[in-house]
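As structure tokens, the structure follows; a few thoughts come after it.
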Amino acid sequence: MEADRAAQVAPGRAGSRPLYAEIADAGSLTRFGAEIEAANPSDWPGYPDQLRRARTATGARHAVTTGMATVDGEACVLVGFEFGFLGGSMGTAEGARIARAFSVAVTERLPVVCVSASGGSRMQEGTSALMQMQAVAAAIAGTRRAGIPHVAVAGDPTTGGVWSSLIADADVLISVPGARVSFSGSRTRPQGTDPRSPDYLADGKWVNGFVDVLAPVPELRAEVAAVLRLLSPRSRGDGPGRAPLPPWPAPDGDGDGDGDGDGASGADAWTHVSGARSPRRARADRWLAGYFEQTTEIRGDRCGGVDPGLRCGFGSHQGATIAYVAQTGVPSTPAGYRTAARLLRLAARFRLPVLTLIDTPGAAAAPADEAAGVGPAIAELFVAMASSQVPITSVVIGEGVSGGALALASPSDLWIARDGYLAVTAPELASLILKLGVHMVPQVAAWLRLTPAELMSRGIVRGIIGPPASAAGQAADPR
């Protein structure tokens, strides 16, 4: 459906320039030649005249411009929509241009950056325009098979067939606050619908995990460039065989399994659990900051859910890009586990090693979490971890309770921080389940054999490592 006001200046645009011109470096766009001419497959009366007027008004041949460009120096294939050209609608020529751009991206090993400002499919071309959604999907599938990143920017508006074929399923999706982003345009929604409802705006899409980043127009170039530096085949570096361990030595060893560290056999297990729960202990934010030089994060499970207690994204470590999932010490929700599975799929597509940081008192267990499928979400993640085609390195950095923690653990490369623990369930819950009484909790903690040294002695973890250097003074004695 075409946009309502093709001439309006909206949040996804700056002045009279199309949004893609605000993102690509000035003078960097080299347009693809061999113009594809628009047809009139439905013999729509007056359509050729509409095309001529649109070309005169915008100076563009089509609603979509494609070519090679750079974004803050990072090379890409650019697909940019011109909203002033019949509402940025997608017809047969636009679909063919998009498909060709994705094909060039595969050949050149360059990421695709799609910048939309579109009302959707072009009415004047009828079902032929609708079929472009399939053509675009086939083009995206080709880049996925080739491991080529697809980055999208949803400008205002981004609706209809463009949103639901080209933009919504991008690997990383950025949008502009206040932009109209939805499947239905304002003229096709149920009568009485509030046109400014957050559900139809980029802001609502971000809240519900369909958009990864919200950024105003002046910040879009930097946001897109950050993603390209980490994910482009030309700049992400040759990834190591696996994600290197954080470079912090174990307290009595070198991190390779030679030292026994804190929590040795015979230590007070309950005191160790209490220390792992201490707010003074190094948490995921500190571990990530000490490990990566720069990061970019993905948000949400693309099913309507966001877990604010779980961080997923990509970071640069010693010049190579590594994917990561990090729990932050709170119960993980179904959306969190599904977001982690989404991250694993992206890592496999780009052939990137993965680092997971485990720190949770267990999976969220409220009625809403059961209704959202916390069990199936955990099961899905277990299978994704077991079937991963890229190496996964995992570190228990704090609490590691039950399947909600183990779901993020590498089956073959699991390590533990000296102040972490891993247990079938929390000592209090184990005592409750076994009807042993509160007074038995410390003894149950010992019976669970959950300390790093106990886990290492049984071959459950490969070794013990220390916390980030910046936190070592605090975390060495969290009690």
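In the structure tokens, each chain is lettered A, B, ... as it comes, each chain's residues begin at 1, and ligands are numbered from 1 in order of appearance.
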
Query raised in the report: Can you tell me, as a ChimeraX atom specification, what residues are no more than 6 Å from segment 156-161 of chain A when counting only C-alpha atoms, ignoring any on the same chain fewer than 2 positions away?
Result: /A:1,10-12,117-121,154,163-165,179-185

Once you have the residues from the selection above, write them out as a PDB file, in the first residue's frame, restricted to N, CA, C and O atoms.
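Once written, again37.pdb looks like this:
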ATOM      1  N   MET A   1       0.828  -1.191   0.000  1.00  0.00           N
ATOM      2  CA  MET A   1       0.000   0.000   0.000  1.00  0.00           C
ATOM      3  C   MET A   1       0.864   1.242   0.000  1.00  0.00           C
ATOM      4  O   MET A   1       1.794   1.348   0.782  1.00  0.00           O
ATOM      5  N   ALA A  10       9.319  13.632   7.185  1.00  0.00           N
ATOM      6  CA  ALA A  10       8.958  12.779   8.312  1.00  0.00           C
ATOM      7  C   ALA A  10      10.191  12.460   9.145  1.00  0.00           C
ATOM      8  O   ALA A  10      11.313  12.787   8.769  1.00  0.00           O
ATOM      9  N   PRO A  11      10.020  11.776  10.313  1.00  0.00           N
ATOM     10  CA  PRO A  11      11.150  11.499  11.188  1.00  0.00           C
ATOM     11  C   PRO A  11      12.261  10.689  10.541  1.00  0.00           C
ATOM     12  O   PRO A  11      13.397  10.777  10.957  1.00  0.00           O
ATOM     13  N   GLY A  12      11.920   9.881   9.553  1.00  0.00           N
ATOM     14  CA  GLY A  12      12.945   9.068   8.906  1.00  0.00           C
ATOM     15  C   GLY A  12      13.640   9.772   7.772  1.00  0.00           C
ATOM     16  O   GLY A  12      14.395   9.161   7.028  1.00  0.00           O
ATOM     17  N   ALA A 117      12.013   3.850   2.920  1.00  0.00           N
ATOM     18  CA  ALA A 117      11.023   4.896   3.169  1.00  0.00           C
ATOM     19  C   ALA A 117       9.940   4.602   2.151  1.00  0.00           C
ATOM     20  O   ALA A 117       9.988   5.067   1.015  1.00  0.00           O
ATOM     21  N   SER A 118       8.999   3.762   2.531  1.00  0.00           N
ATOM     22  CA  SER A 118       8.104   3.167   1.540  1.00  0.00           C
ATOM     23  C   SER A 118       6.738   2.858   2.118  1.00  0.00           C
ATOM     24  O   SER A 118       6.617   2.466   3.281  1.00  0.00           O
ATOM     25  N   GLY A 119       5.734   3.037   1.275  1.00  0.00           N
ATOM     26  CA  GLY A 119       4.383   2.645   1.645  1.00  0.00           C
ATOM     27  C   GLY A 119       4.048   1.220   1.287  1.00  0.00           C
ATOM     28  O   GLY A 119       2.952   0.752   1.591  1.00  0.00           O
ATOM     29  N   GLY A 120       4.971   0.494   0.630  1.00  0.00           N
ATOM     30  CA  GLY A 120       4.720  -0.907   0.336  1.00  0.00           C
ATOM     31  C   GLY A 120       4.637  -1.192  -1.148  1.00  0.00           C
ATOM     32  O   GLY A 120       5.335  -0.590  -1.959  1.00  0.00           O
ATOM     33  N   SER A 121       3.784  -2.125  -1.525  1.00  0.00           N
ATOM     34  CA  SER A 121       3.654  -2.552  -2.918  1.00  0.00           C
ATOM     35  C   SER A 121       2.897  -1.518  -3.737  1.00  0.00           C
ATOM     36  O   SER A 121       1.996  -0.844  -3.248  1.00  0.00           O
ATOM     37  N   ALA A 154      14.927   1.247   8.915  1.00  0.00           N
ATOM     38  CA  ALA A 154      13.513   1.511   8.642  1.00  0.00           C
ATOM     39  C   ALA A 154      13.231   2.982   8.868  1.00  0.00           C
ATOM     40  O   ALA A 154      13.184   3.459   9.995  1.00  0.00           O
ATOM     41  N   TRP A 163       8.164  -3.612   4.309  1.00  0.00           N
ATOM     42  CA  TRP A 163       8.454  -3.988   5.695  1.00  0.00           C
ATOM     43  C   TRP A 163       8.481  -5.503   5.850  1.00  0.00           C
ATOM     44  O   TRP A 163       9.405  -6.055   6.443  1.00  0.00           O
ATOM     45  N   SER A 164       7.498  -6.198   5.308  1.00  0.00           N
ATOM     46  CA  SER A 164       7.336  -7.616   5.594  1.00  0.00           C
ATOM     47  C   SER A 164       8.071  -8.527   4.622  1.00  0.00           C
ATOM     48  O   SER A 164       7.918  -9.746   4.691  1.00  0.00           O
ATOM     49  N   SER A 165       8.904  -7.975   3.749  1.00  0.00           N
ATOM     50  CA  SER A 165       9.744  -8.835   2.914  1.00  0.00           C
ATOM     51  C   SER A 165      11.207  -8.422   2.976  1.00  0.00           C
ATOM     52  O   SER A 165      12.082  -9.264   3.201  1.00  0.00           O
ATOM     53  N   ALA A 179       9.148   6.864  13.673  1.00  0.00           N
ATOM     54  CA  ALA A 179       8.844   6.426  12.307  1.00  0.00           C
ATOM     55  C   ALA A 179       7.671   5.464  12.311  1.00  0.00           C
ATOM     56  O   ALA A 179       7.520   4.642  13.210  1.00  0.00           O
ATOM     57  N   ARG A 180       6.833   5.570  11.280  1.00  0.00           N
ATOM     58  CA  ARG A 180       5.719   4.640  11.125  1.00  0.00           C
ATOM     59  C   ARG A 180       6.253   3.342  10.506  1.00  0.00           C
ATOM     60  O   ARG A 180       6.678   3.331   9.353  1.00  0.00           O
ATOM     61  N   VAL A 181       6.232   2.290  11.294  1.00  0.00           N
ATOM     62  CA  VAL A 181       6.771   1.004  10.871  1.00  0.00           C
ATOM     63  C   VAL A 181       5.736  -0.060  11.204  1.00  0.00           C
ATOM     64  O   VAL A 181       5.468  -0.346  12.370  1.00  0.00           O
ATOM     65  N   SER A 182       5.143  -0.649  10.165  1.00  0.00           N
ATOM     66  CA  SER A 182       4.076  -1.627  10.396  1.00  0.00           C
ATOM     67  C   SER A 182       3.734  -2.335   9.100  1.00  0.00           C
ATOM     68  O   SER A 182       4.060  -1.857   8.007  1.00  0.00           O
ATOM     69  N   PHE A 183       3.053  -3.453   9.230  1.00  0.00           N
ATOM     70  CA  PHE A 183       2.585  -4.155   8.038  1.00  0.00           C
ATOM     71  C   PHE A 183       1.434  -3.404   7.383  1.00  0.00           C
ATOM     72  O   PHE A 183       1.374  -3.261   6.169  1.00  0.00           O
ATOM     73  N   SER A 184       0.516  -2.921   8.189  1.00  0.00           N
ATOM     74  CA  SER A 184      -0.643  -2.214   7.634  1.00  0.00           C
ATOM     75  C   SER A 184      -0.377  -0.721   7.591  1.00  0.00           C
ATOM     76  O   SER A 184       0.132  -0.135   8.549  1.00  0.00           O
ATOM     77  N   GLY A 185      -0.723  -0.107   6.449  1.00  0.00           N
ATOM     78  CA  GLY A 185      -0.646   1.335   6.336  1.00  0.00           C
ATOM     79  C   GLY A 185      -1.835   1.998   7.023  1.00  0.00           C
ATOM     80  O   GLY A 185      -2.791   1.325   7.434  1.00  0.00           O
TER      81      GLY A 185
END

- Find the spatial neighbours of Arg122 of chain A, counting only C-alpha atoms, within a cut-off of 9 Å - ignore same-chain residues fewer than 3 positions away - and output them as a ChimeraX atom specification. /A:1-2,86-92,119,125-126,129-130

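Between Gly241 of chain A and the candidates A:Arg351, A:His150, A:His272, A:Lys435, the tightest atom-to-atom separation, counting only C-alpha atoms, involves A:Arg351.
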
Exercise. Please report, as a PyMOL selection string, each residue of segment 16-208 of chain A to which DSSP assigns strand (DSSP E or B) when run on this structure's backbone.
Key: chain A and resi 17+30-31+64-71+74-81+90+112-118+121+150-159+172-175+180-182+201

Exercise for review: Write out as an MDAnalysis selection string which residues come within 6 Å of Leu357 of chain A when counting only C-alpha atoms, dropping same-chain ones fewer than 4 positions away.
Suggested key: chainID A and resid 326 394:396

Those residues you just picked out, can you put them in a file as a compact mmCIF listing (two decimals), in the first residue's frame with N, CA and C atoms?
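Now in again22.txt:
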# COMPACT_ATOMS: atom_id res chain seq x y z
N ALA A 326 25.24 -13.08 27.06
CA ALA A 326 25.64 -12.89 28.45
C ALA A 326 24.43 -12.72 29.34
N SER A 394 32.23 -21.20 26.77
CA SER A 394 31.33 -20.75 27.83
C SER A 394 32.07 -20.61 29.14
N VAL A 395 31.69 -19.58 29.89
CA VAL A 395 32.26 -19.35 31.22
C VAL A 395 31.12 -19.09 32.20
N VAL A 396 31.07 -19.88 33.27
CA VAL A 396 30.14 -19.59 34.36
C VAL A 396 30.79 -18.49 35.20

If you count only C-alpha atoms, the residue of A:Met133, A:Ala426, A:Leu406, A:Val401 closest to Ala386 of chain A turns out to be A:Leu406

**Prompt:** Could you name the residues that touch Asp25 of chain A at 8 Å or less, counting only C-alpha atoms, but leaving out those on the same chain fewer than 4 positions away, as a ChimeraX atom specification?
**Reply:** /A:21,29,69-73

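The two atoms in question, atom CA of Arg221 of chain A and atom CA of Ser16 of chain A, are spaced 17.6 Å apart.
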
Judged by only C-alpha atoms, the minimum distance to His439 of chain A among A:Phe382, A:Phe314, A:Trp270, A:Tyr291 is found for A:Trp270
